[in-house]
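Asker: Below are the structure tokens for one structure; questions will follow.
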Amino acid sequence: MTFLLRVEDIELAKIVAGQGPVAPEGFEVERTVKTDRRRRHLLRLARSIGLTLLVSTILVFSVELIVRGSLSETLLFFQQPFRPSWTTVILFALLILFFDALLGRAYLALLVVAPAVLLLAFVGHQKSQYLGDPLYPTDFLYARQIIELAPLLVRERPVLAVVLGVSLVAGIALLVTLWRFWRRRFPALPLRARAARLAVALPALLFFGSIMDYATFSWARDRLQIIPMMWDQKENYASNGFAIAFALNVPMAKVKAPEGYSEEAIEAIRKPVGASPSVPPERPDIIVVMSESFWDPTRLPGVTITPDPIANVRAIQSGHVFSPEFGGMTANVEFEALTGFSNAFLPYGSIPYQQYVREPLPSLATFLKTQGYATRAIHPFEGWFWNRSPVYEAFGFDSFMSEENLPPLATRGPLVSDAALTEEIIREADATAEPFFFFAVTLQSHGPYEPNRYTGTTHTVETSASAWAKGSILTFAEGAADADQGLARLIEWAEKRERPTVIAFFGDHLPPLGPVFVETGFMKKPVAERKAPLAKLRAQHETPLVIWSNRKGPVGHLGSISPAFLPLHVLETAGISHPYYTGFLGDMRQRFSVVDRNVLVTQRGMTTPDWGRAKEIDPAIRDFRLLQFDIMFGKRHGAKAFFPETMPGKAVVGTM
């Protein structure tokens, strides 16, 4: 007690003397230890943040280098202040923190994030090289298609296929080894550290997700220099980088209503005069054949093919189809040809068959079915491909003859031959008593076009290009010649028929010949341009078109038209009228021959590039977009006037 009093007296005396309290013995040491701990903690935190940012930078740089295939372009992406390169670095850092928290080890997320994004970058680069478009989230909707076509790709590049296969196996083995090593060598993160990572990463990632809806303005996105360029996806990916551009395309399944859409706006669209649904007393049979990758290979400069592989088509050619696609995406061309709607009014990179056709949608089949026609789709591949089975049902086809229910058909090369499919079309037609509408999609000439694909070739190719390119040209020319002979056989059969018959035949897009285009000088790159002078666009997007009638012969002088105008010309040739297909599209065709998302082309060949970015668009195009949205996604205010056959209890069967 005496000691305690003395201590208190001493402390009191010091306070009185202005010296303040004296720390107990060991207090300074403890404070120093705490300070050192805090300093070490801050240093570890700074080192961890710095290392995470460094790793993220390396990862983003690697992704961009793979996608762009150019070191200079990748460096430019990081150097320019108005491109969100460093925003992407922060985004990747947040992903690493998030997955570290979930997996429980520091930087273990690299074994998840890095392989995933590098693989996506590689696939994106390959798609860009093969088809000319970047990788979109919707591409994974048809991943099964790619797997089914893998044998064809292996046939064309067997060495590359082996290298990729070995690399994939080695990569998986390496990942498993690293995963086990990481789990043994690095201690688990404390719960407090994992919670801290989640507390930082999760809200930030949710914030990034919220600003990726390109259809709405975002102040934060604008400040981060993320500018959605959905009208030009190549520039979108070049400017925003692979990861952010890919994320911007995630909401594309949501189609925003065009400005001004309302019931009043649809009612204000001018109704065509004298275009009520009607058919001739003797209803013509209609056969439409969309020939896979059918194109004129004699357009290749410096290449001579003997004999002419498409002589029959050339003799009766009606014009060209200006395809909205290149080298693939057949379903998008098919969508236009059957519905009379345009991909130009849908999000860039979307696939209507996969994303938007979920309920009945007006098509040629819908209308002709109400006119007493038997409607049938024919394609000698599996019905799930491009989601065709449910789509054809939604389009109003009575049946779909696919690989599952067609009789065994002969092949040429690895796929069903055009000759066999043509004979099947004829057999189905001869067995059908009522008027019919057949829509057939061929398969034989699907790419790739490896040399020596066919035996017993009947053509010769002269070119200064490489031996591989020469063999690839010969493969394609043989397939084109077989398609040409298929049309000749169909016309020969139809000429002998008493019933009026209309046949339409066209290619869906240019073939993915890749290096052949470059070696022959047809194009500077293996894929077509989207923005160029009209002459170049036509060269890289036009495919031959034939519309023929056994009563009137070939239709001529159609020029270059979008696939959306095919229903107009087919029905006009058959003598059939319809308020939309021959009425609305007929009026539209008088003003425009091509309606493409990148360019509008008038009847006189005048072009309007990048029309979608203009503040004011042509009133006719505005009405086209409004009506298409109304029928596909809106309230269908225009159905009664333009598609009366879709109204409940309003099936229309009329004759002129």
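Naming works like this for the structure tokens: A, B, ... for the chains as they're shown, residue 1 at the start of each chain, ligands 1 onward in shown order.
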Using backbone DSSP assignments, extract all alpha helix (DSSP H) residues from stretch 515-655 of chain A; output them as an NGL selection string.

Answerer: :A and (515-519 or 534-541 or 566-574 or 585-591 or 619-632 or 639-642)

Asker: Name the residues in contact with A:Glu267 at a cut-off of 10 Å, using only C-alpha atoms, excluding same-chain residues fewer than 2 positions from it; report them as a list of chain:residue names.

Answerer: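 My list of contacting residues is A:Ser262, A:Glu263, A:Glu264, A:Ala265, A:Ile269, A:Arg270, A:Lys271, A:Leu627, A:His637, A:Gly638, A:Ala641.
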
Asker: Write a file of the just-selected residues containing all heavy atoms, as a PDB file, in the first residue's frame.

Answerer:
```
ATOM      1  N   SER A 262     -44.679   3.322 -80.836  1.00  0.00           N
ATOM      2  CA  SER A 262     -45.967   3.391 -80.152  1.00  0.00           C
ATOM      3  C   SER A 262     -47.033   2.842 -81.094  1.00  0.00           C
ATOM      4  O   SER A 262     -46.788   2.641 -82.296  1.00  0.00           O
ATOM      5  CB  SER A 262     -46.317   4.836 -79.766  1.00  0.00           C
ATOM      6  OG  SER A 262     -46.512   5.617 -80.927  1.00  0.00           O
ATOM      7  N   GLU A 263     -48.213   2.638 -80.574  1.00  0.00           N
ATOM      8  CA  GLU A 263     -49.316   2.177 -81.420  1.00  0.00           C
ATOM      9  C   GLU A 263     -49.644   3.227 -82.477  1.00  0.00           C
ATOM     10  O   GLU A 263     -49.921   2.879 -83.633  1.00  0.00           O
ATOM     11  CB  GLU A 263     -50.546   1.898 -80.558  1.00  0.00           C
ATOM     12  CG  GLU A 263     -51.724   1.344 -81.357  1.00  0.00           C
ATOM     13  CD  GLU A 263     -52.895   0.968 -80.474  1.00  0.00           C
ATOM     14  OE1 GLU A 263     -52.801   1.146 -79.239  1.00  0.00           O
ATOM     15  OE2 GLU A 263     -53.911   0.484 -81.025  1.00  0.00           O
ATOM     16  N   GLU A 264     -49.542   4.491 -82.087  1.00  0.00           N
ATOM     17  CA  GLU A 264     -49.824   5.565 -83.035  1.00  0.00           C
ATOM     18  C   GLU A 264     -48.796   5.578 -84.165  1.00  0.00           C
ATOM     19  O   GLU A 264     -49.146   5.817 -85.340  1.00  0.00           O
ATOM     20  CB  GLU A 264     -49.828   6.918 -82.324  1.00  0.00           C
ATOM     21  CG  GLU A 264     -50.982   7.130 -81.349  1.00  0.00           C
ATOM     22  CD  GLU A 264     -50.818   6.321 -80.075  1.00  0.00           C
ATOM     23  OE1 GLU A 264     -49.668   5.913 -79.772  1.00  0.00           O
ATOM     24  OE2 GLU A 264     -51.839   6.086 -79.390  1.00  0.00           O
ATOM     25  N   ALA A 265     -47.524   5.308 -83.821  1.00  0.00           N
ATOM     26  CA  ALA A 265     -46.477   5.299 -84.850  1.00  0.00           C
ATOM     27  C   ALA A 265     -46.694   4.164 -85.843  1.00  0.00           C
ATOM     28  O   ALA A 265     -46.483   4.334 -87.051  1.00  0.00           O
ATOM     29  CB  ALA A 265     -45.105   5.173 -84.196  1.00  0.00           C
ATOM     30  N   ILE A 269     -47.900   4.248 -90.248  1.00  0.00           N
ATOM     31  CA  ILE A 269     -47.162   3.692 -91.384  1.00  0.00           C
ATOM     32  C   ILE A 269     -48.119   3.508 -92.557  1.00  0.00           C
ATOM     33  O   ILE A 269     -49.204   2.933 -92.425  1.00  0.00           O
ATOM     34  CB  ILE A 269     -46.512   2.342 -91.012  1.00  0.00           C
ATOM     35  CG1 ILE A 269     -45.468   2.552 -89.911  1.00  0.00           C
ATOM     36  CG2 ILE A 269     -45.860   1.693 -92.230  1.00  0.00           C
ATOM     37  CD1 ILE A 269     -44.847   1.267 -89.394  1.00  0.00           C
ATOM     38  N   ARG A 270     -47.708   3.992 -93.704  1.00  0.00           N
ATOM     39  CA  ARG A 270     -48.589   3.968 -94.876  1.00  0.00           C
ATOM     40  C   ARG A 270     -48.892   2.535 -95.303  1.00  0.00           C
ATOM     41  O   ARG A 270     -47.989   1.722 -95.459  1.00  0.00           O
ATOM     42  CB  ARG A 270     -47.943   4.719 -96.042  1.00  0.00           C
ATOM     43  CG  ARG A 270     -48.889   4.934 -97.219  1.00  0.00           C
ATOM     44  CD  ARG A 270     -48.236   5.826 -98.253  1.00  0.00           C
ATOM     45  NE  ARG A 270     -47.178   5.136 -98.965  1.00  0.00           N
ATOM     46  CZ  ARG A 270     -47.375   4.400-100.064  1.00  0.00           C
ATOM     47  NH1 ARG A 270     -48.602   4.254-100.547  1.00  0.00           N
ATOM     48  NH2 ARG A 270     -46.370   3.820-100.674  1.00  0.00           N
ATOM     49  N   LYS A 271     -50.175   2.241 -95.467  1.00  0.00           N
ATOM     50  CA  LYS A 271     -50.590   0.909 -95.887  1.00  0.00           C
ATOM     51  C   LYS A 271     -50.493   0.806 -97.406  1.00  0.00           C
ATOM     52  O   LYS A 271     -50.878   1.729 -98.130  1.00  0.00           O
ATOM     53  CB  LYS A 271     -52.035   0.626 -95.446  1.00  0.00           C
ATOM     54  CG  LYS A 271     -52.316   0.898 -93.983  1.00  0.00           C
ATOM     55  CD  LYS A 271     -51.392   0.138 -93.047  1.00  0.00           C
ATOM     56  CE  LYS A 271     -51.769   0.351 -91.580  1.00  0.00           C
ATOM     57  NZ  LYS A 271     -51.492   1.728 -91.107  1.00  0.00           N
ATOM     58  N   LEU A 627     -41.848  -1.310 -87.633  1.00  0.00           N
ATOM     59  CA  LEU A 627     -42.760  -2.420 -87.898  1.00  0.00           C
ATOM     60  C   LEU A 627     -42.121  -3.750 -87.525  1.00  0.00           C
ATOM     61  O   LEU A 627     -42.783  -4.623 -86.944  1.00  0.00           O
ATOM     62  CB  LEU A 627     -43.168  -2.413 -89.374  1.00  0.00           C
ATOM     63  CG  LEU A 627     -44.183  -3.481 -89.795  1.00  0.00           C
ATOM     64  CD1 LEU A 627     -45.452  -3.394 -88.958  1.00  0.00           C
ATOM     65  CD2 LEU A 627     -44.514  -3.338 -91.276  1.00  0.00           C
ATOM     66  N   HIS A 637     -49.059  -4.317 -82.995  1.00  0.00           N
ATOM     67  CA  HIS A 637     -50.130  -3.419 -83.421  1.00  0.00           C
ATOM     68  C   HIS A 637     -50.342  -3.493 -84.930  1.00  0.00           C
ATOM     69  O   HIS A 637     -51.454  -3.269 -85.413  1.00  0.00           O
ATOM     70  CB  HIS A 637     -49.795  -1.973 -83.027  1.00  0.00           C
ATOM     71  CG  HIS A 637     -49.592  -1.766 -81.565  1.00  0.00           C
ATOM     72  ND1 HIS A 637     -50.558  -2.054 -80.629  1.00  0.00           N
ATOM     73  CD2 HIS A 637     -48.515  -1.283 -80.865  1.00  0.00           C
ATOM     74  CE1 HIS A 637     -50.105  -1.765 -79.425  1.00  0.00           C
ATOM     75  NE2 HIS A 637     -48.878  -1.303 -79.536  1.00  0.00           N
ATOM     76  N   GLY A 638     -49.268  -3.790 -85.676  1.00  0.00           N
ATOM     77  CA  GLY A 638     -49.367  -3.795 -87.132  1.00  0.00           C
ATOM     78  C   GLY A 638     -49.763  -5.124 -87.736  1.00  0.00           C
ATOM     79  O   GLY A 638     -49.827  -5.254 -88.969  1.00  0.00           O
ATOM     80  N   ALA A 641     -52.990  -5.183 -90.110  1.00  0.00           N
ATOM     81  CA  ALA A 641     -52.863  -4.527 -91.408  1.00  0.00           C
ATOM     82  C   ALA A 641     -51.847  -5.206 -92.312  1.00  0.00           C
ATOM     83  O   ALA A 641     -52.065  -5.316 -93.522  1.00  0.00           O
ATOM     84  CB  ALA A 641     -52.476  -3.060 -91.212  1.00  0.00           C
TER      85      ALA A 641
END
```

Asker: Closest to A:Val516 among A:Ala467, A:Val595, A:Ala429, A:Ala504, using only C-alpha atoms?

Answerer: A:Ala467

Asker: Just want the 12 Å neighbourhood of A:Glu259, counted on only C-alpha atoms, with same-chain residues fewer than 6 positions away dropped. Output as a list in words.

Answerer: Ala215, Ala265, Lys615, Glu616, Ile617, Arg622, Asp623, Arg625, Leu626 and Phe629 of chain A

Asker: Which residues are close to A:Leu51, i.e. within 12 Å by only C-alpha atoms, leaving aside same-chain residues fewer than 4 positions away? Reply as an MDAnalysis selection string.

Answerer: chainID A and resid 43:47 55:58 93 96:97 106:107

Asker: Please produce a file of the residues just selected, as an mmCIF file, in the first residue's frame, where the atoms kept are C-alpha atoms.

Answerer:
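The resulting out_30.cif:
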```cif
data_model
loop_
_atom_site.group_PDB
_atom_site.id
_atom_site.type_symbol
_atom_site.label_atom_id
_atom_site.label_comp_id
_atom_site.auth_asym_id
_atom_site.auth_seq_id
_atom_site.Cartn_x
_atom_site.Cartn_y
_atom_site.Cartn_z
ATOM 1 C CA LEU A 43 3.894 -2.999 -46.732
ATOM 2 C CA ARG A 44 2.397 -6.447 -47.285
ATOM 3 C CA LEU A 45 -0.861 -4.862 -48.422
ATOM 4 C CA ALA A 46 0.939 -2.504 -50.797
ATOM 5 C CA ARG A 47 3.055 -5.358 -52.116
ATOM 6 C CA VAL A 55 -0.189 -9.655 -62.816
ATOM 7 C CA SER A 56 -3.420 -8.132 -64.121
ATOM 8 C CA THR A 57 -1.487 -5.846 -66.457
ATOM 9 C CA ILE A 58 0.488 -8.767 -67.857
ATOM 10 C CA ALA A 93 -7.457 -7.349 -60.474
ATOM 11 C CA ILE A 96 -8.469 -12.145 -59.073
ATOM 12 C CA LEU A 97 -9.361 -10.827 -55.602
ATOM 13 C CA ALA A 106 -3.656 -15.971 -52.580
ATOM 14 C CA TYR A 107 -3.312 -15.802 -56.393
#
```

Asker: For stretch 126-139 of chain A, find every residue with an atom within 7 Å (counting only C-alpha atoms), except residues of its own chain fewer than 4 positions away, and show them as a JSON list (two decimals) with N, CA and C atoms, in the first residue's frame.

Answerer:
```
[["chain", "number", "residue", "atom", "x", "y", "z"],
["A", 122, "PHE", "N", -7.86, -16.54, -77.62],
["A", 122, "PHE", "CA", -7.42, -17.36, -78.75],
["A", 122, "PHE", "C", -8.59, -17.69, -79.67],
["A", 143, "ALA", "N", -22.09, -23.40, -79.72],
["A", 143, "ALA", "CA", -20.85, -24.14, -79.51],
["A", 143, "ALA", "C", -20.99, -25.59, -79.99],
["A", 234, "LYS", "N", -15.95, -4.13, -84.71],
["A", 234, "LYS", "CA", -14.49, -4.18, -84.82],
["A", 234, "LYS", "C", -13.86, -3.00, -84.09],
["A", 246, "PHE", "N", -16.45, -7.48, -74.96],
["A", 246, "PHE", "CA", -17.18, -8.74, -74.79],
["A", 246, "PHE", "C", -18.30, -8.55, -73.76],
["A", 249, "ASN", "N", -21.35, -6.70, -74.93],
["A", 249, "ASN", "CA", -22.23, -7.46, -75.81],
["A", 249, "ASN", "C", -23.11, -8.46, -75.06],
["A", 250, "VAL", "N", -22.90, -8.61, -73.76],
["A", 250, "VAL", "CA", -23.72, -9.55, -73.00],
["A", 250, "VAL", "C", -25.20, -9.17, -73.02],
["A", 326, "PHE", "N", -20.52, -13.13, -93.90],
["A", 326, "PHE", "CA", -19.39, -13.57, -94.69],
["A", 326, "PHE", "C", -18.83, -14.85, -94.09],
["A", 327, "GLY", "N", -18.72, -15.89, -94.92],
["A", 327, "GLY", "CA", -18.05, -17.11, -94.49],
["A", 327, "GLY", "C", -18.79, -17.97, -93.50],
["A", 328, "GLY", "N", -19.95, -17.54, -93.02],
["A", 328, "GLY", "CA", -20.69, -18.31, -92.03],
["A", 328, "GLY", "C", -21.96, -17.58, -91.63],
["A", 349, "GLY", "N", -24.04, -8.83, -84.15],
["A", 349, "GLY", "CA", -23.57, -10.11, -83.64],
["A", 349, "GLY", "C", -24.66, -11.03, -83.13],
["A", 350, "SER", "N", -25.90, -10.57, -83.15],
["A", 350, "SER", "CA", -26.98, -11.41, -82.65],
["A", 350, "SER", "C", -27.36, -12.48, -83.67],
["A", 512, "PRO", "N", -15.69, -19.37, -96.84],
["A", 512, "PRO", "CA", -14.53, -18.98, -96.02],
["A", 512, "PRO", "C", -13.23, -19.56, -96.60],
["A", 514, "GLY", "N", -10.43, -18.01, -96.92],
["A", 514, "GLY", "CA", -9.29, -17.53, -96.15],
["A", 514, "GLY", "C", -8.07, -17.14, -96.96],
["A", 526, "PRO", "N", -8.06, -12.15, -95.03],
["A", 526, "PRO", "CA", -8.83, -13.38, -95.30],
["A", 526, "PRO", "C", -10.33, -13.22, -95.14],
["A", 527, "VAL", "N", -10.77, -12.09, -94.61],
["A", 527, "VAL", "CA", -12.20, -11.89, -94.38],
["A", 527, "VAL", "C", -12.66, -10.60, -95.04],
["A", 528, "ALA", "N", -13.96, -10.52, -95.27],
["A", 528, "ALA", "CA", -14.52, -9.38, -96.00],
["A", 528, "ALA", "C", -14.53, -8.13, -95.13]]
```
